[in-house]
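A.B. asks: data.txt is reproduced below (compact mmCIF, C-alpha atoms).
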```
# COMPACT_ATOMS: atom_id res chain seq x y z
CA MET A 121 48.97 111.44 179.81
CA ALA A 122 51.38 114.31 180.43
CA PRO A 123 52.12 114.66 184.14
CA TYR A 124 51.18 117.51 186.41
CA LEU A 125 54.57 119.16 186.46
CA HIS A 126 56.02 120.27 189.76
CA GLU A 127 58.56 123.08 189.33
CA SER A 128 60.54 124.56 192.21
CA ILE A 129 60.19 128.20 191.21
CA PRO A 130 59.34 131.15 193.46
CA SER A 131 56.34 133.48 193.06
CA GLN A 132 58.66 136.23 191.85
CA GLU A 133 59.70 134.13 188.84
CA ILE A 134 56.06 133.34 188.09
CA ASP A 135 55.30 137.08 188.13
CA ARG A 136 58.19 137.68 185.71
CA GLN A 137 56.85 135.03 183.32
CA LYS A 138 53.32 136.50 183.55
CA ALA A 139 54.66 139.94 182.59
CA LEU A 140 56.43 138.40 179.58
CA TYR A 141 53.94 135.84 178.22
CA GLY A 142 50.73 137.66 179.16
CA PRO A 143 51.32 140.55 176.70
CA LEU A 144 52.48 138.11 173.98
CA ALA A 145 49.26 136.08 174.15
CA GLU A 146 47.21 139.29 174.43
CA SER A 147 48.79 140.59 171.21
CA VAL A 148 47.86 137.30 169.50
CA ARG A 149 44.25 137.65 170.72
CA GLY A 150 44.11 141.06 169.02
CA LEU A 151 45.48 139.51 165.85
CA VAL A 152 42.88 136.69 165.92
CA ASP A 153 40.12 139.33 166.08
CA ALA A 154 41.67 141.45 163.31
CA THR A 155 42.05 138.36 161.08
CA ILE A 156 38.28 137.82 161.18
CA ARG A 157 37.35 141.49 160.67
CA THR A 158 39.98 143.04 158.39
CA GLU A 159 39.06 144.50 154.99
CA VAL A 160 42.48 145.80 153.95
CA ASP A 161 43.85 145.17 150.44
CA ASP A 162 44.95 141.74 149.27
CA ASP A 163 48.62 142.72 149.18
CA GLU A 164 48.47 143.80 152.82
CA ILE A 165 46.86 140.45 153.76
CA ARG A 166 49.59 138.52 151.95
CA ALA A 167 52.34 140.61 153.57
CA ALA A 168 50.83 140.08 157.03
CA THR A 169 50.60 136.31 156.42
CA ALA A 170 54.30 136.12 155.52
CA GLU A 171 55.35 138.23 158.52
CA ILE A 172 53.26 136.13 160.93
CA GLU A 173 54.86 132.94 159.57
CA ALA A 174 58.31 134.46 160.12
CA ILE A 175 57.52 135.41 163.74
CA THR A 176 56.17 131.90 164.39
CA ALA A 177 59.35 130.34 162.95
CA ARG A 178 61.48 132.46 165.30
CA LEU A 179 59.37 131.51 168.34
CA ARG A 180 59.67 127.84 167.36
CA THR A 181 63.50 127.81 167.33
CA ARG A 182 63.23 126.68 170.96
CA GLN A 183 59.95 125.23 172.23
CA ILE A 184 58.56 122.54 174.54
CA GLU A 185 57.48 119.20 173.11
CA GLY A 186 53.71 118.84 172.95
CA SER A 187 51.29 120.80 175.11
CA TYR A 188 51.92 123.06 178.12
CA GLY A 189 50.30 120.85 180.76
CA VAL A 190 49.48 122.13 184.23
CA ARG A 191 52.41 123.25 186.37
CA PHE A 192 52.52 124.00 190.05
CA ASN A 193 55.18 124.98 192.57
CA SER A 194 55.88 124.19 196.21
CA ILE A 195 53.43 126.73 197.59
CA GLY A 196 50.61 125.33 195.44
CA GLU A 197 50.46 128.10 192.83
CA THR A 198 48.95 126.43 189.75
CA ARG A 199 49.73 127.52 186.20
CA PRO A 200 47.24 126.06 183.71
CA TRP A 201 48.67 128.49 181.14
CA GLY A 202 47.79 126.38 178.10
CA ASN A 203 44.16 125.89 179.21
CA ALA A 204 41.58 126.65 176.49
CA VAL A 205 39.45 128.83 178.84
CA VAL A 206 41.80 130.36 181.41
CA GLY A 207 45.25 129.89 179.86
CA LEU A 208 47.42 133.01 180.22
CA ARG A 209 49.54 131.88 177.24
CA ASN A 210 46.65 130.53 175.14
CA ALA A 211 45.13 132.99 172.63
CA VAL A 212 42.17 130.61 172.09
CA ALA A 213 41.20 131.40 175.72
CA PRO A 214 39.40 134.78 176.26
CA PRO A 215 41.05 134.23 178.95
CA LEU A 216 38.67 134.07 181.89
CA VAL A 217 39.93 135.21 185.29
CA ILE A 218 37.87 133.11 187.68
CA GLU A 219 37.29 134.03 191.32
CA HIS A 220 36.60 131.33 193.93
CA ASP A 221 35.58 130.98 197.52
CA PRO A 222 36.22 127.95 199.71
CA THR A 223 32.51 127.11 200.01
CA GLY A 224 32.66 125.97 196.39
CA ARG A 225 31.57 129.04 194.46
CA ALA A 226 33.28 130.29 191.29
CA TRP A 227 32.45 133.32 189.16
CA SER A 228 33.88 135.45 186.37
CA GLU A 229 33.05 138.53 184.32
CA PHE A 230 34.51 138.71 180.84
CA HIS A 231 34.07 139.93 177.27
CA LEU A 232 33.55 137.69 174.23
CA GLY A 233 34.28 139.19 170.81
CA ALA A 234 34.04 138.11 167.17
CA ALA A 235 36.16 134.97 167.69
CA TYR A 236 33.45 133.31 169.82
CA GLU A 237 30.57 133.65 167.35
CA GLY A 238 28.06 130.98 166.36
CA PRO A 239 24.78 132.42 165.02
CA PRO A 240 25.28 136.02 163.79
CA GLY A 241 26.04 138.33 166.71
CA LEU A 242 25.60 135.54 169.25
CA VAL A 243 28.00 133.41 171.29
CA HIS A 244 28.43 129.91 169.81
CA GLY A 245 26.33 127.47 171.86
CA GLY A 246 29.43 125.30 172.25
CA VAL A 247 31.48 128.23 173.56
CA SER A 248 28.88 128.71 176.31
CA ALA A 249 29.33 125.00 177.10
CA LEU A 250 33.13 125.39 177.10
CA ILE A 251 33.00 128.26 179.59
CA LEU A 252 30.42 126.66 181.86
CA ASP A 253 32.38 123.39 181.94
CA GLN A 254 35.36 125.35 183.26
CA LEU A 255 33.27 127.32 185.82
CA LEU A 256 31.52 124.23 187.18
CA GLY A 257 34.85 122.38 187.37
CA GLU A 258 36.41 125.29 189.25
CA ALA A 259 33.49 125.40 191.70
CA ALA A 260 34.09 121.67 192.36
CA GLY A 261 37.81 122.39 192.87
CA ALA A 262 37.15 125.44 195.06
CA GLY A 263 35.06 123.23 197.33
CA GLY A 264 38.18 121.13 197.90
CA LYS A 265 37.55 118.20 195.59
CA PRO A 266 38.67 118.84 192.01
CA GLY A 267 37.56 116.51 189.24
CA MET A 268 37.30 115.77 185.58
CA THR A 269 33.94 116.24 183.88
CA GLY A 270 31.74 113.14 184.07
CA THR A 271 28.55 114.56 182.60
CA LEU A 272 27.53 118.07 181.59
CA THR A 273 24.04 119.28 180.66
CA LEU A 274 23.29 122.68 179.14
CA ARG A 275 19.88 124.35 178.75
CA TYR A 276 19.84 127.28 176.36
CA ARG A 277 17.13 129.74 177.48
CA ARG A 278 17.84 132.36 174.80
CA GLY A 279 20.68 133.50 172.56
CA THR A 280 23.73 134.91 174.38
CA PRO A 281 24.88 138.14 172.69
CA LEU A 282 28.60 138.69 172.10
CA GLY A 283 29.93 141.32 174.53
CA ARG A 284 30.12 141.62 178.31
CA LEU A 285 29.01 138.47 180.15
CA ARG A 286 29.08 136.83 183.55
CA ALA A 287 29.33 133.15 184.48
CA GLU A 288 28.94 131.62 187.91
CA ALA A 289 28.72 128.19 189.47
CA HIS A 290 28.45 126.49 192.84
CA ILE A 291 28.47 123.01 194.33
CA ALA A 292 25.02 121.47 194.69
CA ARG A 293 26.22 118.38 196.60
CA VAL A 294 29.15 115.99 197.06
CA GLU A 295 28.89 112.18 197.08
CA GLY A 296 32.27 110.49 197.65
CA VAL A 297 34.48 111.18 194.63
CA LYS A 298 31.61 112.88 192.74
CA THR A 299 30.89 116.59 193.00
CA TYR A 300 27.61 117.90 191.52
CA ALA A 301 27.89 121.51 190.38
CA VAL A 302 25.38 123.91 188.81
CA GLY A 303 25.81 127.30 187.19
CA HIS A 304 24.73 129.71 184.51
CA LEU A 305 25.80 132.28 181.98
CA SER A 306 24.12 135.70 181.92
CA ASP A 307 24.19 139.08 180.17
CA ALA A 308 22.91 142.44 181.46
CA ASP A 309 19.31 141.26 180.91
CA GLY A 310 19.71 138.07 182.94
CA LEU A 311 20.23 134.35 182.48
CA THR A 312 20.92 132.91 179.01
CA VAL A 313 22.29 129.37 179.57
CA GLU A 314 21.99 126.99 182.56
CA ALA A 315 24.37 124.12 183.27
CA GLU A 316 24.72 121.18 185.62
CA GLY A 317 27.58 118.74 185.77
CA VAL A 318 29.18 115.92 187.67
CA PHE A 319 32.92 116.14 188.32
CA ILE A 320 34.81 113.02 189.29
CA LEU A 321 38.12 112.87 191.14
CA PRO A 322 40.15 110.64 188.79
CA GLN A 323 41.29 107.24 190.04
CA TRP A 324 44.97 108.08 189.52
CA ALA A 325 44.58 111.31 191.53
CA ARG A 326 42.90 109.88 194.63
CA ALA A 327 46.12 109.03 196.46
CA ALA A 328 47.60 112.40 195.46
CA PHE A 329 44.43 114.09 196.72
CA GLU A 330 44.80 112.50 200.15
CA GLU A 331 48.46 113.55 200.13
CA ARG A 332 47.29 117.09 199.44
CA GLN A 333 45.82 117.36 202.92
CA ARG A 334 49.46 117.53 204.02
CA GLN A 335 51.23 119.14 201.05
CA SER A 336 50.68 121.35 198.02
CA ALA A 337 49.16 119.86 194.86
CA PRO A 338 47.04 121.15 191.99
CA SER A 339 43.63 122.37 193.14
CA ARG A 340 42.06 121.75 189.74
CA PHE A 341 42.53 119.49 186.77
CA GLU A 342 41.53 121.70 183.84
CA MET B 179 20.89 140.25 166.37
CA ALA B 180 23.12 140.71 163.34
CA PRO B 181 21.34 139.60 160.18
CA TYR B 182 22.18 136.65 157.98
CA LEU B 183 23.85 138.64 155.24
CA HIS B 184 22.94 137.91 151.65
CA GLU B 185 25.71 138.95 149.24
CA SER B 186 25.41 138.66 145.48
CA ILE B 187 28.87 137.28 144.83
CA PRO B 188 29.82 134.40 142.52
CA SER B 189 31.57 131.18 143.58
CA GLN B 190 34.74 132.38 141.86
CA GLU B 191 34.98 135.39 144.19
CA ILE B 192 34.38 133.14 147.21
CA ASP B 193 37.27 130.93 146.04
CA ARG B 194 39.50 134.00 145.73
CA GLN B 195 38.64 135.09 149.29
CA LYS B 196 39.30 131.55 150.58
CA ALA B 197 42.76 131.57 148.99
CA LEU B 198 43.49 134.92 150.66
CA TYR B 199 41.99 134.60 154.15
CA GLY B 200 42.54 130.85 154.62
CA PRO B 201 46.36 131.16 154.72
CA LEU B 202 46.16 134.28 156.94
CA ALA B 203 44.08 132.48 159.60
CA GLU B 204 46.26 129.38 159.25
CA SER B 205 49.37 131.46 159.97
CA VAL B 206 47.66 132.84 163.08
CA ARG B 207 46.82 129.28 164.23
CA GLY B 208 50.52 128.45 164.03
CA LEU B 209 51.32 131.56 166.05
CA VAL B 210 48.75 130.64 168.73
CA ASP B 211 50.45 127.25 169.13
CA ALA B 212 53.97 128.77 169.21
CA THR B 213 52.85 131.34 171.83
CA ILE B 214 51.96 128.50 174.21
CA ARG B 215 55.09 126.43 173.56
CA THR B 216 57.95 128.84 172.90
CA GLU B 217 61.04 128.94 175.15
CA VAL B 218 63.07 131.57 173.28
CA ASP B 219 64.80 134.42 175.14
CA ASP B 220 62.85 137.24 176.76
CA ASP B 221 64.09 139.81 174.23
CA GLU B 222 62.77 137.68 171.37
CA ILE B 223 59.38 137.40 173.10
CA ARG B 224 59.21 141.18 173.56
CA ALA B 225 60.21 141.80 169.94
CA ALA B 226 57.57 139.33 168.68
CA THR B 227 54.90 141.01 170.83
CA ALA B 228 55.69 144.44 169.35
CA GLU B 229 55.71 143.10 165.77
CA ILE B 230 52.38 141.30 166.25
CA GLU B 231 50.82 144.50 167.60
CA ALA B 232 52.07 146.38 164.54
CA ILE B 233 50.59 143.81 162.11
CA THR B 234 47.26 143.94 163.96
CA ALA B 235 47.22 147.75 163.74
CA ARG B 236 47.75 147.55 159.97
CA LEU B 237 44.96 144.97 159.54
CA ARG B 238 42.64 147.18 161.59
CA THR B 239 43.05 150.27 159.37
CA ARG B 240 39.97 149.00 157.53
CA GLN B 241 37.70 146.43 159.21
CA ILE B 242 34.04 145.49 159.60
CA GLU B 243 32.09 146.65 162.64
CA GLY B 244 31.49 143.85 165.13
CA SER B 245 31.51 140.17 164.25
CA TYR B 246 31.61 138.44 160.86
CA GLY B 247 28.11 136.96 160.95
CA VAL B 248 26.98 134.29 158.51
CA ARG B 249 26.94 135.23 154.85
CA PHE B 250 25.38 133.41 151.93
CA ASN B 251 24.97 134.03 148.22
CA SER B 252 22.24 133.38 145.64
CA ILE B 253 23.18 129.75 145.09
CA GLY B 254 23.06 129.00 148.81
CA GLU B 255 26.80 128.85 149.53
CA THR B 256 27.11 129.67 153.21
CA ARG B 257 30.16 131.35 154.73
CA PRO B 258 30.20 131.05 158.53
CA TRP B 259 33.81 132.25 158.40
CA GLY B 260 33.83 133.74 161.88
CA ASN B 261 32.39 130.57 163.48
CA ALA B 262 34.32 129.35 166.56
CA VAL B 263 34.45 125.74 165.28
CA VAL B 264 34.40 125.85 161.48
CA GLY B 265 35.31 129.48 160.69
CA LEU B 266 37.83 129.73 157.85
CA ARG B 267 38.92 133.16 159.12
CA ASN B 268 38.78 132.34 162.83
CA ALA B 269 42.05 131.15 164.40
CA VAL B 270 40.16 130.03 167.52
CA ALA B 271 38.54 127.36 165.28
CA PRO B 272 40.73 124.28 164.53
CA PRO B 273 38.87 124.66 161.95
CA LEU B 274 36.75 121.57 161.42
CA VAL B 275 35.78 120.65 157.85
CA ILE B 276 32.47 118.87 158.34
CA GLU B 277 30.98 116.47 155.80
CA HIS B 278 27.21 115.93 155.59
CA ASP B 279 24.69 113.73 153.90
CA PRO B 280 21.03 114.59 153.31
CA THR B 281 19.79 111.84 155.65
CA GLY B 282 21.06 114.02 158.51
CA ARG B 283 24.53 112.67 159.18
CA ALA B 284 27.58 114.86 159.79
CA TRP B 285 31.17 113.80 160.46
CA SER B 286 34.66 115.25 160.61
CA GLU B 287 38.26 114.15 161.19
CA PHE B 288 40.63 116.72 162.63
CA HIS B 289 43.67 117.39 164.80
CA LEU B 290 43.62 119.23 168.14
CA GLY B 291 46.92 120.63 169.41
CA ALA B 292 48.19 122.45 172.50
CA ALA B 293 45.59 125.25 172.23
CA TYR B 294 42.71 122.88 173.09
CA GLU B 295 44.13 121.48 176.33
CA GLY B 296 42.32 121.05 179.65
CA PRO B 297 43.91 118.38 181.87
CA PRO B 298 47.57 117.79 180.89
CA GLY B 299 47.76 116.18 177.44
CA LEU B 300 43.97 115.90 177.17
CA VAL B 301 41.33 117.84 175.26
CA HIS B 302 39.45 120.31 177.52
CA GLY B 303 36.06 118.79 178.39
CA GLY B 304 34.43 122.02 177.22
CA VAL B 305 36.22 121.86 173.85
CA SER B 306 34.70 118.41 173.32
CA ALA B 307 31.32 120.01 174.09
CA LEU B 308 32.04 122.88 171.67
CA ILE B 309 32.86 120.49 168.83
CA LEU B 310 29.95 118.13 169.49
CA ASP B 311 27.50 121.06 169.66
CA GLN B 312 28.61 122.05 166.16
CA LEU B 313 28.44 118.46 164.82
CA LEU B 314 24.98 117.79 166.23
CA GLY B 315 23.75 121.15 164.91
CA GLU B 316 25.11 120.35 161.46
CA ALA B 317 23.44 116.93 161.47
CA ALA B 318 20.14 118.70 162.25
CA GLY B 319 20.81 121.15 159.41
CA ALA B 320 21.88 118.40 157.00
CA GLY B 321 18.54 116.70 157.61
CA GLY B 322 16.86 119.84 156.28
CA LYS B 323 15.85 121.56 159.50
CA PRO B 324 18.60 123.73 160.99
CA GLY B 325 18.26 125.00 164.53
CA MET B 326 19.80 126.68 167.51
CA THR B 327 20.82 124.51 170.46
CA GLY B 328 17.96 123.98 172.95
CA THR B 329 19.64 121.46 175.24
CA LEU B 330 22.92 119.59 175.04
CA THR B 331 24.07 116.68 177.23
CA LEU B 332 27.60 115.29 177.26
CA ARG B 333 28.80 112.03 178.83
CA TYR B 334 32.55 111.76 179.24
CA ARG B 335 33.56 108.09 179.02
CA ARG B 336 37.30 108.68 179.33
CA GLY B 337 39.85 111.44 178.69
CA THR B 338 40.24 112.49 175.05
CA PRO B 339 43.96 112.75 174.14
CA LEU B 340 45.14 115.75 172.12
CA GLY B 341 45.95 114.66 168.54
CA ARG B 342 43.98 113.07 165.71
CA LEU B 343 40.25 112.74 166.45
CA ARG B 344 36.92 112.03 164.79
CA ALA B 345 33.47 113.40 165.59
CA GLU B 346 30.18 112.27 164.11
CA ALA B 347 26.49 112.89 164.64
CA HIS B 348 23.11 111.93 163.22
CA ILE B 349 19.47 112.80 163.66
CA ALA B 350 17.63 110.53 166.13
CA ARG B 351 14.16 112.00 165.42
CA VAL B 352 12.30 115.17 164.39
CA GLU B 353 9.22 116.57 166.17
CA GLY B 354 7.89 119.73 164.48
CA VAL B 355 10.47 122.49 164.95
CA LYS B 356 12.62 120.29 167.22
CA THR B 357 15.35 118.02 165.89
CA TYR B 358 16.93 115.48 168.26
CA ALA B 359 20.52 114.65 167.35
CA VAL B 360 23.10 112.31 168.88
CA GLY B 361 26.81 111.90 168.29
CA HIS B 362 30.19 111.18 169.73
CA LEU B 363 33.87 112.01 169.73
CA SER B 364 36.46 109.24 169.32
CA ASP B 365 40.20 108.62 169.03
CA ALA B 366 41.99 105.62 167.47
CA ASP B 367 40.98 103.48 170.47
CA GLY B 368 37.28 104.29 170.22
CA LEU B 369 34.64 106.47 171.82
CA THR B 370 35.60 109.13 174.38
CA VAL B 371 32.59 111.48 174.71
CA GLU B 372 28.88 110.96 173.84
CA ALA B 373 26.43 113.78 173.19
CA GLU B 374 22.73 114.29 172.62
CA GLY B 375 21.01 117.55 171.85
CA VAL B 376 17.78 119.22 170.82
CA PHE B 377 17.99 121.83 168.07
CA ILE B 378 15.14 124.26 167.63
CA LEU B 379 14.27 126.17 164.47
CA PRO B 380 14.10 129.75 165.82
CA GLN B 381 10.76 131.57 165.72
CA TRP B 382 12.11 134.36 163.51
CA ALA B 383 13.48 131.81 161.03
CA ARG B 384 10.34 129.74 160.52
CA ALA B 385 8.90 131.86 157.70
CA ALA B 386 12.36 132.06 156.08
CA PHE B 387 12.64 128.29 156.39
CA GLU B 388 9.38 127.75 154.50
CA GLU B 389 10.59 130.20 151.86
CA ARG B 390 13.74 128.08 151.56
CA GLN B 391 11.77 125.25 149.98
CA ARG B 392 11.67 127.56 146.94
CA GLN B 393 14.89 129.60 147.24
CA SER B 394 18.38 129.56 148.67
CA ALA B 395 18.91 130.36 152.34
CA PRO B 396 21.38 129.37 155.03
CA SER B 397 21.34 125.66 155.78
CA ARG B 398 22.68 126.14 159.29
CA PHE B 399 22.71 128.75 162.00
CA GLU B 400 26.09 128.26 163.63
```
Give the structure from this file in structure tokens form.

C.D. replies:
Amino acid sequence: MAPYLHESIPSQEIDRQKALYGPLAESVRGLVDATIRTEVDDDEIRAATAEIEAITARLRTRQIEGSYGVRFNSIGETRPWGNAVVGLRNAVAPPLVIEHDPTGRAWSEFHLGAAYEGPPGLVHGGVSALILDQLLGEAAGAGGKPGMTGTLTLRYRRGTPLGRLRAEAHIARVEGVKTYAVGHLSDADGLTVEAEGVFILPQWARAAFEERQRQSAPSRFE
Amino acid sequence: MAPYLHESIPSQEIDRQKALYGPLAESVRGLVDATIRTEVDDDEIRAATAEIEAITARLRTRQIEGSYGVRFNSIGETRPWGNAVVGLRNAVAPPLVIEHDPTGRAWSEFHLGAAYEGPPGLVHGGVSALILDQLLGEAAGAGGKPGMTGTLTLRYRRGTPLGRLRAEAHIARVEGVKTYAVGHLSDADGLTVEAEGVFILPQWARAAFEERQRQSAPSRFE
């Protein structure tokens, strides 16, 4: 497993990187959407394909090995920038900006477009699961005890339309290394999907977690 | 809800579209990966961002309204090309190529890279859920009774490493409009995540489903 990477960089440098990589990933999100929806001529499609390959080749002239991982600095700022739900640099991620409070609540409002479709016009059932897994995990982390998903159960009450949505989660109870979290996804008309999950502080992280009482360390694992 | 769109187009035209849009989406998948991993100079990042925005603007000069939907033709070929797991035109999708058999089994082998990360070096727990939702749904559809997800339960046995993976699912039993499916995700060392789900033939689709005994119609809903 790739390590949680500690980097000694100040907040100012993190802000600089956000201002650089945020717009890059955002431009790629626009391109993902356009790739699904475009109806321009075949020649235009072929030209775009070649140009995209050329840009990718330039970006790859210097790149990290493997995946981004989760990085954090000395004041505990975490950068899960490759994360599939919240990753600033990941165009697969909408990305969600998730708010927390220390009582173990997490919530987010966001928009899902054409790239998140399952049934026509509706959010893919698995995308709802993906988002709720992240929200429940962040609620567990916000409550002070982060964990990896042990079990996750989703109940689909009705189809979730693509568009503006809200997700929220909170801690139901904590038993030792296990945190039980519940949450739901909703649109303007109310609840669409309910979720409950168990998040387990991994064995290898338990010593680090105790250390965290004294020092900075990641407050979430995904 | 957007309709399931019937288009009277021959297989040959579908093949032509695959050869055009497949490489476009594939180039965007490469760009998504490079966006996460690049370490080139700031000026190069800014130049890439501007060029990507320009390509997107050109692709958007003519585009469909909203999402792609699910399209099918007179011989029952289904094109869920915007789908978040299997969509040929969707760069959020790995995409999975899923095999089926008529007894209600579905399976797929695929690679997940940096864009599907949760914990460092591991597949996001929600991405595992996303993929298993699709596999279980396709098993239900392969058995002759497609459906939308009613409930889905995931049990995470250990972390799933990014890289080469396999997912498979089969029908456990059918009760009227409900199909119970089970499946799992595995790497070279064996099982990592187990799933079970209930897939429900939607009310609005029941008449269409009976009609399908005689004619072509979509064999899956997501």

A.B. asks: Please build the interface table for chain A against chain B with a cut-off of 6 Å, listing for each qualifying residue the nearest atom pair and the distance in Å to one decimal; count only C-alpha atoms, order rows by chain and increasing number, and write it as a tab-separated table.

C.D. replies:
```
residue	atom	partner	partner_atom	distance
A:Met121	CA	B:Gly299	CA	5.4
A:Ala122	CA	B:Gly299	CA	5.1
A:Leu144	CA	B:Thr227	CA	4.9
A:Ser147	CA	B:Glu231	CA	5.7
A:Leu151	CA	B:Thr234	CA	5.1
A:Val152	CA	B:Ala269	CA	5.8
A:Ile156	CA	B:Arg267	CA	5.1
A:Arg157	CA	B:Gln241	CA	5.2
A:Thr158	CA	B:Gln241	CA	4.2
A:Glu159	CA	B:Gln241	CA	4.8
A:Val160	CA	B:Arg240	CA	5.4
A:Thr169	CA	B:Leu202	CA	4.9
A:Glu173	CA	B:Ser205	CA	5.7
A:Thr176	CA	B:Leu209	CA	5.1
A:Leu179	CA	B:Thr216	CA	5.5
A:Arg180	CA	B:Thr216	CA	5.9
A:Arg182	CA	B:Glu217	CA	5.2
A:Gln183	CA	B:Thr216	CA	4.2
A:Ile184	CA	B:Arg215	CA	5.3
A:Ser187	CA	B:Ala292	CA	4.4
A:Gly189	CA	B:Pro298	CA	4.1
A:Val190	CA	B:Pro298	CA	5.8
A:Asn203	CA	B:Gly296	CA	5.2
A:Ala204	CA	B:Tyr294	CA	5.2
A:Arg209	CA	B:Ile214	CA	5.1
A:Asn210	CA	B:Ile214	CA	5.8
A:Ala211	CA	B:Val210	CA	5.8
A:Val212	CA	B:Val270	CA	5.0
A:Ala234	CA	B:Ser245	CA	4.4
A:Tyr236	CA	B:Ala262	CA	5.2
A:Glu237	CA	B:Asn261	CA	5.3
A:Gly238	CA	B:Glu400	CA	4.3
A:Pro239	CA	B:Glu400	CA	4.6
A:Pro240	CA	B:Gly247	CA	4.1
A:Gly241	CA	B:Ala180	CA	5.1
A:Gly246	CA	B:Leu308	CA	3.6
A:Val247	CA	B:Leu308	CA	5.7
A:Ala249	CA	B:Gly304	CA	5.9
A:Leu250	CA	B:Gly304	CA	3.6
A:Asp253	CA	B:Gly304	CA	5.3
A:Gly270	CA	B:Tyr334	CA	5.1
A:Thr271	CA	B:Arg333	CA	4.5
A:Leu272	CA	B:Leu332	CA	5.1
A:Thr273	CA	B:Thr331	CA	4.3
A:Leu274	CA	B:Leu330	CA	5.1
A:Arg275	CA	B:Thr329	CA	4.6
A:Tyr276	CA	B:Gly328	CA	5.1
A:Phe341	CA	B:Pro297	CA	5.2
A:Glu342	CA	B:Gly296	CA	4.3
```

A.B. asks: Using only C-alpha atoms, pick whichever of B:Leu314, B:Ala197, B:Ala366, B:Ala385 has the shortest atom-to-atom distance to B:Glu346.

C.D. replies: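 For B:Glu346, the nearest of the candidates is B:Leu314.
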
A.B. asks: Rank nothing, just name the residue among A:Ile129, A:Leu321, A:Ala301, A:Leu311 nearest to A:Ala287, using only C-alpha atoms.

C.D. replies: A:Leu311

A.B. asks: Work out how far apart atom CA of B:Glu185 and atom CA of B:Thr281 are and give it in Å to one decimal.

C.D. replies: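 Calculated distance between atom CA of B:Glu185 and atom CA of B:Thr281 is 28.5 Å.
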
A.B. asks: At what distance in Å, to one decimal, does atom CA of B:Pro273 lie from atom CA of A:Ile218?

C.D. replies: 27.1 Å
